[in-house]
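Inspection log for the structure reproduced underneath, given as structure tokens.
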Amino acid sequence: MRKNYFYLMVNLLTIGVFAQVGIGTTTPSATLDVVSSGNTNSTKALEISNSSATEMVTVLNNGNVGIGTNTPTARLDIRTNPTSTTDPDIGMLGIGTTTMTAPSAGAGAIRYSTSTGGVLQYSNGIVWSTLASQPTKSIVNGNFDAITAANNTSPYLNATETFDANNDFNSNAFTVPRTGNYLFSAVVIGQITTIGNGQFELFVDVNNGTLACNAIQLTVTNMQKQAANLACSLRLNAGDIVRFRIGNNSGAIFTLSTFAYQRLFSIVEL
């Protein structure tokens with residue numbers, strides 16, 4: 001009797017191995033063959049849901065596959081809100097490495113490469129090329145606040161922005177967003193209380209103390225109106241803090257002009 005059961009089990013397993021299952025068809029051509037009743041993006045060929053009845057995978061009859069969405073608008077769509085014009089919501093895609101050559105991968109393939117710190121690369125069918133990012137360059141324009149500086153002082157200049165492309169400037173400090181070259185320019189006009197015999201200057205300060213570049217230094221002799229202008233290009237590192245300062249060694253109190261157009265500055269990422 002046990003031998004008969006054994007033979008029966010073997011026969012059943014053999015049938016299971018070579019059987020083909022059809023859903024929506026009586027003539028399956030694969031181990032599992034699913035044929036849907038539609039052929040548009042408004043009907044589904046396959047739907048997989050979790051225990052909370054949330055659709056996890058959707059295959060539409062036009063061939064679009066959605067993971068985390070039941071309305072995929074692309075061949076493979078992992079966006080939660082595929083039709084949104086502002087925020088597609090959750091949908092991170094993980095891309096791994098491969099040793100396959102670009103011709104073997106074919107045009108349009110994407111891979112992650114661990115070279116040079118980790119980059120994404122795409123294949124044009126001939127070579128793998130790095131996907132280069134083009135960040136918005138930092139540009140800041142503004143006006144220094146009108147301040148009064150005592151003799152023999154070098155205060156930082158607070159400022160009001162009129163334009164800041166990436167919000168890199170705050171109060172009196174510019175935080176360098178990326179390592180690279182930056183152009184700083186500024187002009188200030190002011191007045192001393194009495195005629196003195198000394199100097200007035202404008203300069204750029206990096207990381208709270210390092211003098212990066214000076215403005216034109218003017219000797220205070222027979223005039224009370226003073227001006228300084230500055231233009232310099234600096235190679236800076238990401239995270240550096242840059243500020244404008246004035247140095248008053250005129251022998252008297254110096255007051256910046258009350259006219260905003262006489263207290264200008266700009267910062268441009270090159």
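Simple scheme: letters A, B, ... for chains in structure tokens order, numbers from 1 for residues in each chain, numbers from 1 for ligands in the order shown.
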
| request: Just the strand (DSSP E) stuff from stretch 49-259 of chain A, please, per backbone DSSP, written as a count of residues only. | output: 97

| request: Extract the full set of helix (DSSP H, G or I) residues from stretch 10-246 of chain A according to DSSP on the backbone, and format it as a VMD selection string. | output: chain A and resid 10 to 18 102 to 105 115 to 117

| said: For stretch 184-186 of chain A, find every residue with an atom within 12 Å (counting only C-alpha atoms), except residues of its own chain fewer than 2 positions away, and show them as JSON, numbers by chain. | reply: {"A": [138, 139, 140, 141, 142, 143, 144, 157, 159, 174, 181, 182, 188, 189, 201, 202, 203, 204, 205, 206, 212, 213, 214, 215, 216, 227, 228, 229, 230, 231, 232, 233, 234, 235, 236, 242, 243, 244, 245, 246, 261, 262, 263, 264, 265, 266, 267, 268, 269, 270]}

| task | Would you list the contacts of A:Asn64 as an NGL selection string, taking every protein, DNA or RNA residue within 8 Å and counting only C-alpha atoms, but skipping same-chain residues closer than 3 positions in sequence? | result | :A and (41 or 59-61 or 72-77)

Produce a file of the selected residues containing N, CA and C atoms, as a PDB file, in the first residue's frame.
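out01.pdb written:
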ATOM      1  N   ASN A  41      -4.782  51.088 -21.307  1.00  0.00           N
ATOM      2  CA  ASN A  41      -4.225  51.476 -20.016  1.00  0.00           C
ATOM      3  C   ASN A  41      -5.299  51.634 -18.948  1.00  0.00           C
ATOM      4  N   VAL A  59      -0.005  45.524 -13.348  1.00  0.00           N
ATOM      5  CA  VAL A  59       0.363  45.417 -14.762  1.00  0.00           C
ATOM      6  C   VAL A  59      -0.864  45.756 -15.587  1.00  0.00           C
ATOM      7  N   LEU A  60      -0.780  46.839 -16.338  1.00  0.00           N
ATOM      8  CA  LEU A  60      -1.901  47.238 -17.187  1.00  0.00           C
ATOM      9  C   LEU A  60      -1.853  46.483 -18.515  1.00  0.00           C
ATOM     10  N   ASN A  61      -2.960  46.504 -19.201  1.00  0.00           N
ATOM     11  CA  ASN A  61      -3.041  45.773 -20.458  1.00  0.00           C
ATOM     12  C   ASN A  61      -2.269  46.429 -21.601  1.00  0.00           C
ATOM     13  N   PRO A  72       0.315  53.337 -13.589  1.00  0.00           N
ATOM     14  CA  PRO A  72       1.620  53.603 -14.209  1.00  0.00           C
ATOM     15  C   PRO A  72       1.445  54.247 -15.586  1.00  0.00           C
ATOM     16  N   THR A  73       2.248  55.269 -15.847  1.00  0.00           N
ATOM     17  CA  THR A  73       2.199  55.950 -17.137  1.00  0.00           C
ATOM     18  C   THR A  73       3.457  55.699 -17.955  1.00  0.00           C
ATOM     19  N   ALA A  74       4.367  54.874 -17.436  1.00  0.00           N
ATOM     20  CA  ALA A  74       5.596  54.515 -18.136  1.00  0.00           C
ATOM     21  C   ALA A  74       5.716  53.003 -18.166  1.00  0.00           C
ATOM     22  N   ARG A  75       6.636  52.498 -18.967  1.00  0.00           N
ATOM     23  CA  ARG A  75       6.802  51.050 -19.069  1.00  0.00           C
ATOM     24  C   ARG A  75       7.064  50.434 -17.701  1.00  0.00           C
ATOM     25  N   LEU A  76       7.892  51.136 -16.892  1.00  0.00           N
ATOM     26  CA  LEU A  76       8.069  50.765 -15.488  1.00  0.00           C
ATOM     27  C   LEU A  76       7.948  52.046 -14.678  1.00  0.00           C
ATOM     28  N   ASP A  77       6.969  52.111 -13.792  1.00  0.00           N
ATOM     29  CA  ASP A  77       6.676  53.334 -13.037  1.00  0.00           C
ATOM     30  C   ASP A  77       6.687  53.021 -11.551  1.00  0.00           C
TER      31      ASP A  77
END

| task | Fewer than 4 positions away in the same chain doesn't count, so skip those; otherwise give me all residues within 12 Å of A:Ala45, counting only C-alpha atoms, as a PyMOL selection string. | result | chain A and resi 23-24+33-41+57-66+70

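Look at A:Val176: the protein and nucleic acid residues within 6 Å of it, using only C-alpha atoms and passing over chain neighbours fewer than 6 places away, are Ala238, Gly239 and Asp240 of chain A.
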
| Shortest interatomic distance to A:Val119 - which of A:Gly68, A:Gly190, A:Pro155, A:Gly96, counting only C-alpha atoms | A:Gly96

| request: Excluding A:Ala146 and any residue of its chain fewer than 6 positions from it, enumerate the residues within 7 Å of it, using only C-alpha atoms, and give them as a PyMOL selection string. | output: chain A and resi 256-258

Okay, now the selection with all heavy atoms, as a PDB file, in the first residue's frame?
ATOM      1  N   LEU A 256      28.902 104.504   6.770  1.00  0.00           N
ATOM      2  CA  LEU A 256      28.539 104.145   5.405  1.00  0.00           C
ATOM      3  C   LEU A 256      27.386 105.011   4.917  1.00  0.00           C
ATOM      4  O   LEU A 256      26.531 105.447   5.697  1.00  0.00           O
ATOM      5  CB  LEU A 256      28.129 102.667   5.326  1.00  0.00           C
ATOM      6  CG  LEU A 256      29.250 101.632   5.329  1.00  0.00           C
ATOM      7  CD1 LEU A 256      28.663 100.233   5.232  1.00  0.00           C
ATOM      8  CD2 LEU A 256      30.208 101.869   4.177  1.00  0.00           C
ATOM      9  N   SER A 257      27.341 105.216   3.627  1.00  0.00           N
ATOM     10  CA  SER A 257      26.314 106.049   3.001  1.00  0.00           C
ATOM     11  C   SER A 257      24.916 105.517   3.306  1.00  0.00           C
ATOM     12  O   SER A 257      24.701 104.309   3.434  1.00  0.00           O
ATOM     13  CB  SER A 257      26.527 106.086   1.489  1.00  0.00           C
ATOM     14  OG  SER A 257      25.434 106.699   0.837  1.00  0.00           O
ATOM     15  N   THR A 258      23.969 106.409   3.404  1.00  0.00           N
ATOM     16  CA  THR A 258      22.578 106.010   3.622  1.00  0.00           C
ATOM     17  C   THR A 258      21.908 105.592   2.318  1.00  0.00           C
ATOM     18  O   THR A 258      20.798 105.061   2.339  1.00  0.00           O
ATOM     19  CB  THR A 258      21.779 107.173   4.242  1.00  0.00           C
ATOM     20  OG1 THR A 258      21.876 108.314   3.378  1.00  0.00           O
ATOM     21  CG2 THR A 258      22.318 107.516   5.612  1.00  0.00           C
TER      22      THR A 258
END

| field | Distance criterion (only C-alpha atoms): nearest to A:Asp145 out of A:Ala30, A:Leu183, A:Ala260, A:Val21 | value | A:Ala260
